[in-house]
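The file entry.cif contains mmCIF, C-alpha atoms:
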```cif
data_protein
loop_
_atom_site.label_atom_id
_atom_site.label_comp_id
_atom_site.auth_asym_id
_atom_site.auth_seq_id
_atom_site.Cartn_x
_atom_site.Cartn_y
_atom_site.Cartn_z
CA MET C 297 17.11 7.42 -0.99
CA ASN C 298 18.38 9.52 1.90
CA GLN C 299 15.70 12.19 1.84
CA PRO C 300 12.73 11.46 4.14
CA VAL C 301 9.25 11.80 2.68
CA LEU C 302 7.42 10.74 5.84
CA GLU C 303 8.20 10.74 9.56
CA CYS C 304 6.01 9.31 12.29
CA ARG C 305 7.07 10.50 15.73
CA ASP C 306 5.62 8.80 18.83
CA VAL C 307 2.17 8.45 17.27
CA CYS C 308 -0.50 7.26 19.73
CA PHE C 309 -4.18 6.62 19.11
CA SER C 310 -7.11 5.12 21.03
CA TYR C 311 -10.71 4.34 20.11
CA HIS C 312 -13.36 5.56 22.54
CA SER C 313 -16.85 4.16 23.03
CA THR C 314 -19.45 3.80 25.78
CA ASN C 315 -17.60 0.64 26.83
CA GLY C 316 -14.40 2.55 27.45
CA GLU C 317 -11.08 3.13 25.73
CA THR C 318 -9.28 0.77 23.37
CA LYS C 319 -5.66 1.67 22.76
CA ALA C 320 -4.69 1.03 19.14
CA LEU C 321 -1.25 2.61 18.63
CA SER C 322 1.49 3.32 21.16
CA ASN C 323 4.48 5.55 20.35
CA ILE C 324 4.81 4.54 16.70
CA SER C 325 8.02 6.02 15.29
CA PHE C 326 9.68 5.48 11.90
CA GLN C 327 10.64 7.34 8.75
CA ILE C 328 10.37 6.48 5.08
CA ASN C 329 12.77 7.89 2.52
CA SER C 330 12.09 9.04 -1.00
CA GLY C 331 11.52 6.17 -3.43
CA GLU C 332 11.27 3.46 -0.77
CA PHE C 333 8.66 0.71 -0.87
CA VAL C 334 7.89 -0.23 2.74
CA ALA C 335 5.58 -3.02 3.88
CA ILE C 336 3.92 -3.03 7.30
CA VAL C 337 2.94 -6.36 8.88
CA GLY C 338 1.72 -7.41 12.30
CA PRO C 339 -0.88 -9.47 14.17
CA SER C 340 -4.49 -9.19 13.00
CA GLY C 341 -6.25 -6.25 14.60
CA CYS C 342 -3.04 -4.54 15.74
CA GLY C 343 -3.90 -1.21 14.10
CA LYS C 344 -2.17 -1.30 10.71
CA SER C 345 -5.09 0.26 8.84
CA THR C 346 -5.57 2.81 11.62
CA LEU C 347 -1.95 3.87 11.17
CA LEU C 348 -2.47 4.25 7.43
CA SER C 349 -5.56 6.40 8.01
CA ILE C 350 -3.55 8.67 10.31
CA ILE C 351 -0.78 9.01 7.70
CA ALA C 352 -3.42 9.86 5.09
CA GLY C 353 -4.83 12.56 7.35
CA LEU C 354 -8.24 10.89 7.65
CA ILE C 355 -7.97 10.73 11.44
CA LYS C 356 -5.74 12.63 13.85
CA PRO C 357 -3.36 11.00 16.34
CA GLU C 358 -4.10 11.61 20.02
CA SER C 359 -0.44 12.47 20.51
CA GLY C 360 2.72 12.47 18.46
CA GLU C 361 2.94 13.76 14.92
CA VAL C 362 3.08 12.74 11.28
CA ILE C 363 5.41 14.91 9.21
CA LEU C 364 5.20 14.93 5.43
CA HIS C 365 8.23 16.42 3.72
CA HIS C 366 8.16 18.02 0.26
CA THR C 367 4.54 17.03 -0.32
CA GLN C 368 0.99 18.11 0.45
CA GLN C 369 -1.98 16.12 1.71
CA GLN C 370 -3.55 16.16 -1.75
CA LYS C 371 -0.44 14.43 -3.09
CA ILE C 372 -1.13 11.28 -1.08
CA GLY C 373 -2.71 8.41 -3.00
CA TYR C 374 -4.76 5.89 -1.02
CA MET C 375 -5.72 2.52 -2.51
CA LEU C 376 -8.14 0.44 -0.45
CA GLN C 377 -8.93 -3.29 -0.31
CA GLN C 378 -11.90 -2.86 -2.67
CA ASP C 379 -11.57 -1.11 -6.02
CA HIS C 380 -14.64 1.15 -5.46
CA LEU C 381 -14.98 1.77 -9.20
CA LEU C 382 -18.27 3.40 -10.18
CA GLU C 383 -20.30 0.88 -12.16
CA TRP C 384 -22.14 3.50 -14.23
CA ARG C 385 -18.90 4.98 -15.56
CA THR C 386 -16.52 3.41 -18.06
CA ILE C 387 -13.01 2.48 -16.98
CA TRP C 388 -11.73 5.60 -18.76
CA LYS C 389 -14.22 7.81 -16.92
CA ASN C 390 -13.39 6.10 -13.61
CA ILE C 391 -9.69 6.76 -14.11
CA LEU C 392 -10.30 10.45 -14.78
CA LEU C 393 -12.65 10.92 -11.81
CA GLY C 394 -9.99 12.48 -9.56
CA PRO C 395 -8.87 15.16 -12.02
CA GLU C 396 -12.53 15.91 -12.80
CA ILE C 397 -13.37 16.44 -9.11
CA THR C 398 -10.27 18.53 -8.41
CA GLY C 399 -10.57 20.58 -11.60
CA THR C 400 -7.15 19.43 -12.83
CA LEU C 401 -8.24 17.51 -15.93
CA THR C 402 -5.83 18.55 -18.67
CA LYS C 403 -4.51 17.07 -21.89
CA GLU C 404 -1.39 16.13 -19.94
CA LYS C 405 -3.49 14.18 -17.42
CA GLU C 406 -5.30 12.41 -20.24
CA ALA C 407 -1.96 11.54 -21.85
CA LEU C 408 -0.72 10.13 -18.53
CA ALA C 409 -3.90 8.08 -18.16
CA LYS C 410 -3.50 6.67 -21.67
CA ARG C 411 0.14 5.76 -20.97
CA LEU C 412 -0.77 4.01 -17.71
CA LEU C 413 -3.57 2.11 -19.45
CA THR C 414 -1.01 0.85 -21.96
CA GLU C 415 1.52 -0.11 -19.28
CA TYR C 416 -1.14 -1.97 -17.28
CA GLY C 417 -2.53 -3.72 -20.37
CA LEU C 418 -5.98 -2.16 -20.12
CA THR C 419 -6.14 0.03 -23.22
CA LYS C 420 -8.64 -2.18 -25.04
CA PHE C 421 -10.88 -2.25 -21.95
CA LYS C 422 -11.06 1.51 -21.37
CA ASP C 423 -14.63 1.77 -22.71
CA LYS C 424 -15.87 -1.20 -20.68
CA LYS C 425 -17.82 -0.92 -17.41
CA PRO C 426 -16.22 -2.32 -14.22
CA GLY C 427 -18.63 -5.27 -14.18
CA GLU C 428 -17.17 -6.47 -17.48
CA LEU C 429 -13.64 -6.78 -16.06
CA SER C 430 -11.99 -9.43 -13.90
CA GLY C 431 -10.99 -8.69 -10.32
CA GLY C 432 -7.35 -8.26 -11.29
CA MET C 433 -8.20 -5.84 -14.08
CA LYS C 434 -10.38 -3.78 -11.75
CA GLN C 435 -7.54 -3.48 -9.25
CA ARG C 436 -5.22 -2.33 -12.03
CA ALA C 437 -7.81 0.28 -13.03
CA ALA C 438 -8.14 1.40 -9.42
CA LEU C 439 -4.37 1.89 -9.19
CA ILE C 440 -4.31 3.86 -12.45
CA ARG C 441 -7.07 6.08 -11.01
CA THR C 442 -4.80 6.70 -8.01
CA MET C 443 -1.57 7.13 -9.98
CA VAL C 444 -3.07 9.60 -12.46
CA MET C 445 -3.18 12.08 -9.56
CA GLU C 446 0.64 11.75 -9.42
CA PRO C 447 0.93 11.14 -5.67
CA ALA C 448 4.26 11.67 -3.92
CA LEU C 449 3.25 9.03 -1.36
CA LEU C 450 1.15 5.97 -2.20
CA LEU C 451 -0.70 4.12 0.57
CA LEU C 452 -1.84 0.56 -0.20
CA ASP C 453 -4.22 -1.06 2.30
CA GLU C 454 -4.21 -4.77 1.38
CA PRO C 455 -5.14 -4.00 -2.24
CA PHE C 456 -4.74 -7.62 -3.39
CA SER C 457 -6.60 -9.38 -0.55
CA ALA C 458 -9.83 -9.88 -2.52
CA LEU C 459 -8.04 -11.65 -5.40
CA ASP C 460 -7.43 -15.36 -5.83
CA TYR C 461 -3.85 -16.51 -5.25
CA GLN C 462 -2.79 -16.77 -8.91
CA THR C 463 -4.28 -13.39 -9.83
CA ARG C 464 -2.80 -11.87 -6.67
CA LEU C 465 0.69 -12.96 -7.70
CA MET C 466 0.31 -11.51 -11.18
CA VAL C 467 -1.32 -8.23 -10.15
CA SER C 468 1.01 -7.57 -7.21
CA GLY C 469 3.96 -8.18 -9.52
CA ASP C 470 2.61 -5.77 -12.14
CA ILE C 471 1.81 -3.11 -9.58
CA GLY C 472 5.11 -3.53 -7.78
CA SER C 473 7.04 -3.16 -11.04
CA ILE C 474 5.23 0.01 -12.05
CA ILE C 475 5.59 1.56 -8.59
CA ARG C 476 9.34 0.95 -8.78
CA LYS C 477 9.48 2.29 -12.33
CA THR C 478 7.70 5.53 -11.40
CA GLY C 479 9.82 5.95 -8.26
CA VAL C 480 6.84 6.82 -6.08
CA THR C 481 7.29 6.25 -2.34
CA ALA C 482 4.88 3.53 -1.19
CA ILE C 483 3.58 1.92 2.00
CA LEU C 484 1.87 -1.46 1.77
CA ILE C 485 -0.27 -2.97 4.52
CA THR C 486 -0.45 -6.75 4.14
CA HIS C 487 -1.04 -9.97 6.07
CA ASP C 488 0.89 -11.93 3.43
CA LEU C 489 4.51 -12.24 4.56
CA SER C 490 5.64 -13.59 1.18
CA GLU C 491 4.07 -10.57 -0.49
CA ALA C 492 5.84 -8.21 1.91
CA ILE C 493 9.24 -9.80 1.23
CA SER C 494 8.79 -9.97 -2.53
CA LEU C 495 7.62 -6.36 -2.97
CA ALA C 496 9.23 -4.23 -0.27
CA ASP C 497 12.63 -2.68 0.38
CA ARG C 498 11.94 -2.83 4.13
CA VAL C 499 9.35 -4.49 6.35
CA LEU C 500 8.13 -2.85 9.55
CA VAL C 501 6.83 -5.39 12.06
CA LEU C 502 4.24 -4.12 14.55
CA THR C 503 3.48 -5.63 17.95
CA LYS C 504 0.02 -6.68 19.05
CA ARG C 505 -2.38 -3.92 20.09
CA PRO C 506 -1.56 -1.28 21.18
CA ALA C 507 0.91 -1.47 18.34
CA SER C 508 4.44 -0.18 18.37
CA VAL C 509 7.28 -0.86 15.95
CA LYS C 510 8.89 -4.14 16.99
CA ASN C 511 11.40 -4.49 14.17
CA ASP C 512 12.52 -2.80 10.97
CA ILE C 513 13.86 -5.45 8.61
CA PRO C 514 15.71 -4.54 5.38
CA ILE C 515 14.93 -6.76 2.39
CA ASP C 516 17.98 -7.49 0.28
CA LEU C 517 17.36 -10.30 -2.19
CA THR C 518 19.72 -11.74 -4.79
CA LEU C 519 17.61 -11.41 -7.93
CA SER C 520 18.15 -11.57 -11.66
CA GLU C 521 14.76 -9.89 -12.13
CA HIS C 522 12.47 -8.32 -9.55
CA THR C 523 9.21 -10.26 -9.71
CA PRO C 524 7.18 -11.85 -6.88
CA LEU C 525 7.93 -15.32 -8.24
CA SER C 526 11.68 -14.79 -8.61
CA ALA C 527 11.77 -13.21 -5.13
CA ARG C 528 10.32 -16.40 -3.66
CA ASN C 529 13.22 -18.32 -5.22
CA ALA C 530 15.90 -15.97 -3.87
CA PRO C 531 18.36 -17.66 -1.48
CA GLU C 532 17.54 -15.15 1.28
CA PHE C 533 13.76 -15.58 1.02
CA LYS C 534 13.29 -18.54 3.37
CA GLU C 535 15.38 -16.97 6.14
CA LEU C 536 13.49 -13.68 5.89
CA PHE C 537 10.13 -15.45 5.90
CA THR C 538 11.12 -17.45 8.98
CA LEU C 539 12.26 -14.27 10.74
CA LEU C 540 9.02 -12.43 10.01
CA TRP C 541 6.92 -15.44 10.98
CA LYS C 542 8.73 -15.73 14.29
CA GLU C 543 8.37 -12.01 15.01
CA ILE C 544 4.59 -12.18 14.53
CA SER C 545 3.95 -15.62 16.03
CA ASP C 546 5.80 -14.52 19.17
CA GLU C 547 3.22 -11.75 19.53
CA TYR C 548 0.38 -14.27 19.43
CA SER C 549 2.20 -16.46 21.97
CA GLU C 550 2.63 -13.51 24.33
CA LYS C 551 -1.02 -12.63 23.89
CA SER C 552 -2.21 -16.10 24.85
CA SER C 553 0.27 -16.65 27.70
#
```

Once you've parsed the file, please lay out its structure as structure tokens.
Amino acid sequence: MNQPVLECRDVCFSYHSTNGETKALSNISFQINSGEFVAIVGPSGCGKSTLLSIIAGLIKPESGEVILHHTQQQKIGYMLQQDHLLEWRTIWKNILLGPEITGTLTKEKEALAKRLLTEYGLTKFKDKKPGELSGGMKQRAALIRTMVMEPALLLLDEPFSALDYQTRLMVSGDIGSIIRKTGVTAILITHDLSEAISLADRVLVLTKRPASVKNDIPIDLTLSEHTPLSARNAPEFKELFTLLWKEISDEYSEKSS
């Protein structure tokens, strides 16, 4: 885990409108190594999703740079808050949409899709339409659609936020386990501090807008098995949660003072 996949160097970004300039990001710098699962948290509206869009190449920073090592832009997977599955296509057809569009649909891709369907417990639902699946199942299908493109870097923008709490626990655990099993490098944006602690190897804490990196906290839990529920019972969990809560609540206090 010593080889960097991503480096952000002094990334700055502002939104411009007829009302003036709104600074979103200020000198964001960090690196993520191969195979790491990193969560990014911070006050609401601090620019977390903007940062993810810059990493994905959807928008350009005003200054600074994002360096991707040993990968190409097309090898970045981006999973959004909503599943965005196409209702007129079956789950199987939705999963294969990326390879179809890019002209990379092969027997090997189909075999990978079938294996992921099995691992995510969706094989018997592959011929169903999205409207026939639960919210958790649709998010699993959306992740399979992303993973079938075999990304070197996976970006997750609050992918569990639309789910109820029980389903969120189950789906985040499933997705976290498979991400670790595949060894893909992942960045998760979340407002849920418990989720960040239970899934990530490190948590980056951003300041209020314009955001910069306030802290980089390693997550080292004593676990017999790595699941979101067992993580919450780890002896280090409460201390880490309190630390993260204080880091973010201090930002709100500074904002209001």

Nearest to Cys342 in chain C by atom-to-atom distance, counting all atoms listed in the file, from C:Ala320, C:Ala438, C:Val467, C:Val301: C:Ala320

Counting all atoms listed in the file, which residue out of C:Ala458, C:Leu392, C:Ala492, C:Ala507 sits closest to Trp541 in chain C?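 Between C:Ala458, C:Leu392, C:Ala492, C:Ala507, the residue approaching Trp541 in chain C most closely is C:Ala492.
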
I would like the residues chosen by the PyMOL selection byres ((chain C and resi 364) around 12) on the shown file; could you give them as a PDB file with C-alpha atoms, in the coordinates of the input?
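So the final result, stored in result36.pdb, reads:
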```
ATOM      1  CA  GLN C 299      15.700  12.190   1.840  1.00  0.00           C
ATOM      2  CA  PRO C 300      12.730  11.460   4.140  1.00  0.00           C
ATOM      3  CA  VAL C 301       9.250  11.800   2.680  1.00  0.00           C
ATOM      4  CA  LEU C 302       7.420  10.740   5.840  1.00  0.00           C
ATOM      5  CA  GLU C 303       8.200  10.740   9.560  1.00  0.00           C
ATOM      6  CA  CYS C 304       6.010   9.310  12.290  1.00  0.00           C
ATOM      7  CA  ARG C 305       7.070  10.500  15.730  1.00  0.00           C
ATOM      8  CA  GLN C 327      10.640   7.340   8.750  1.00  0.00           C
ATOM      9  CA  ILE C 328      10.370   6.480   5.080  1.00  0.00           C
ATOM     10  CA  ASN C 329      12.770   7.890   2.520  1.00  0.00           C
ATOM     11  CA  SER C 330      12.090   9.040  -1.000  1.00  0.00           C
ATOM     12  CA  ILE C 350      -3.550   8.670  10.310  1.00  0.00           C
ATOM     13  CA  ILE C 351      -0.780   9.010   7.700  1.00  0.00           C
ATOM     14  CA  ALA C 352      -3.420   9.860   5.090  1.00  0.00           C
ATOM     15  CA  GLY C 353      -4.830  12.560   7.350  1.00  0.00           C
ATOM     16  CA  GLU C 361       2.940  13.760  14.920  1.00  0.00           C
ATOM     17  CA  VAL C 362       3.080  12.740  11.280  1.00  0.00           C
ATOM     18  CA  ILE C 363       5.410  14.910   9.210  1.00  0.00           C
ATOM     19  CA  HIS C 365       8.230  16.420   3.720  1.00  0.00           C
ATOM     20  CA  HIS C 366       8.160  18.020   0.260  1.00  0.00           C
ATOM     21  CA  THR C 367       4.540  17.030  -0.320  1.00  0.00           C
ATOM     22  CA  GLN C 368       0.990  18.110   0.450  1.00  0.00           C
ATOM     23  CA  GLN C 369      -1.980  16.120   1.710  1.00  0.00           C
ATOM     24  CA  GLN C 370      -3.550  16.160  -1.750  1.00  0.00           C
ATOM     25  CA  LYS C 371      -0.440  14.430  -3.090  1.00  0.00           C
ATOM     26  CA  ILE C 372      -1.130  11.280  -1.080  1.00  0.00           C
ATOM     27  CA  ALA C 448       4.260  11.670  -3.920  1.00  0.00           C
ATOM     28  CA  LEU C 449       3.250   9.030  -1.360  1.00  0.00           C
ATOM     29  CA  THR C 481       7.290   6.250  -2.340  1.00  0.00           C
TER      30      THR C 481
END
```

Which of these, C:Val337, C:Val480, C:Ile471, C:Met443, has the shortest distance to Glu543 in chain C once you count all atoms listed in the file? C:Val337

Straight-line distance linking CA of Lys403 in chain C with CA of Lys389 in chain C, stated in Å to one decimal: 14.3 Å

Can you tell me, as a PDB file with C-alpha atoms, in the frame of the given file, which residues sit within 10 Å of (-1.8, 7.4, -7.3) in the file's frame, using all atoms listed in the file?
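Written file, point_4.pdb:
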```pdb
ATOM      1  CA  LYS C 371      -0.440  14.430  -3.090  1.00  0.00           C
ATOM      2  CA  ILE C 372      -1.130  11.280  -1.080  1.00  0.00           C
ATOM      3  CA  GLY C 373      -2.710   8.410  -3.000  1.00  0.00           C
ATOM      4  CA  TYR C 374      -4.760   5.890  -1.020  1.00  0.00           C
ATOM      5  CA  MET C 375      -5.720   2.520  -2.510  1.00  0.00           C
ATOM      6  CA  GLY C 394      -9.990  12.480  -9.560  1.00  0.00           C
ATOM      7  CA  ALA C 438      -8.140   1.400  -9.420  1.00  0.00           C
ATOM      8  CA  LEU C 439      -4.370   1.890  -9.190  1.00  0.00           C
ATOM      9  CA  ILE C 440      -4.310   3.860 -12.450  1.00  0.00           C
ATOM     10  CA  ARG C 441      -7.070   6.080 -11.010  1.00  0.00           C
ATOM     11  CA  THR C 442      -4.800   6.700  -8.010  1.00  0.00           C
ATOM     12  CA  MET C 443      -1.570   7.130  -9.980  1.00  0.00           C
ATOM     13  CA  VAL C 444      -3.070   9.600 -12.460  1.00  0.00           C
ATOM     14  CA  MET C 445      -3.180  12.080  -9.560  1.00  0.00           C
ATOM     15  CA  GLU C 446       0.640  11.750  -9.420  1.00  0.00           C
ATOM     16  CA  PRO C 447       0.930  11.140  -5.670  1.00  0.00           C
ATOM     17  CA  ALA C 448       4.260  11.670  -3.920  1.00  0.00           C
ATOM     18  CA  LEU C 449       3.250   9.030  -1.360  1.00  0.00           C
ATOM     19  CA  LEU C 450       1.150   5.970  -2.200  1.00  0.00           C
ATOM     20  CA  LEU C 451      -0.700   4.120   0.570  1.00  0.00           C
ATOM     21  CA  LEU C 452      -1.840   0.560  -0.200  1.00  0.00           C
ATOM     22  CA  ILE C 475       5.590   1.560  -8.590  1.00  0.00           C
ATOM     23  CA  VAL C 480       6.840   6.820  -6.080  1.00  0.00           C
ATOM     24  CA  ALA C 482       4.880   3.530  -1.190  1.00  0.00           C
TER      25      ALA C 482
END
```

Spatial sel., origin (-16.0, -3.8, -14.5), limit 9 Å, all atoms listed in the file, listed as a ChimeraX atom specification: /C:381-383,386-387,424-431,433-434

With C-alpha atoms kept, could you save the residues just selected as a CSV table (one decimal), in the frame of the given file?
```csv
chain,number,residue,atom,x,y,z
C,381,LEU,CA,-15.0,1.8,-9.2
C,382,LEU,CA,-18.3,3.4,-10.2
C,383,GLU,CA,-20.3,0.9,-12.2
C,386,THR,CA,-16.5,3.4,-18.1
C,387,ILE,CA,-13.0,2.5,-17.0
C,424,LYS,CA,-15.9,-1.2,-20.7
C,425,LYS,CA,-17.8,-0.9,-17.4
C,426,PRO,CA,-16.2,-2.3,-14.2
C,427,GLY,CA,-18.6,-5.3,-14.2
C,428,GLU,CA,-17.2,-6.5,-17.5
C,429,LEU,CA,-13.6,-6.8,-16.1
C,430,SER,CA,-12.0,-9.4,-13.9
C,431,GLY,CA,-11.0,-8.7,-10.3
C,433,MET,CA,-8.2,-5.8,-14.1
C,434,LYS,CA,-10.4,-3.8,-11.8
```

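For the file at hand, the PyMOL selection byres ((chain C and resi 514) around 10) resolves to Val334, Ile493, Ala496, Asp497, Arg498, Val499, Leu500, Asn511, Asp512, Ile513, Ile515, Asp516, Leu517 and Leu536 of chain C.
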
To test your reading of the syntax: which residues would the PyMOL selection byres ((chain C and resi 311) around 12) return for the file shown? Reply as a PyMOL selection string. chain C and resi 308-310+312-321+343+346+355-358+505-506

Between CA of Lys542 in chain C and CA of Leu459 in chain C, what is the distance, to one decimal in Å? 26.2 Å

With distances taken over only C-alpha atoms, which of C:Arg528, C:Lys344, C:Arg464, C:Arg436 is nearest to Leu412 in chain C? C:Arg436

Point-to-point distance from CA of Ile336 in chain C to CA of Asp470 in chain C, Å rounded to tenths: 19.7 Å

Pick out the closest residue to Ala407 in chain C from this set: C:Lys504, C:Trp388, C:Gly341, C:Ile474. Count all atoms listed in the file. C:Trp388

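The residue that comes closest to Glu332 in chain C, out of C:Lys534, C:Ile483, C:Leu502, C:Thr518 and on the basis of all atoms listed in the file, is C:Ile483.
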
Taking all atoms of range 483-491 of chain C that the file lists and extending 5 Å past them on each side, where is the centre of the axis-aligned box and how long are its edges? Answer in Å to one decimal, as lines of an AutoDock Vina configuration file.
```
center_x = 2.3
center_y = -5.8
center_z = 2.8
size_x = 16.7
size_y = 25.5
size_z = 16.6
```
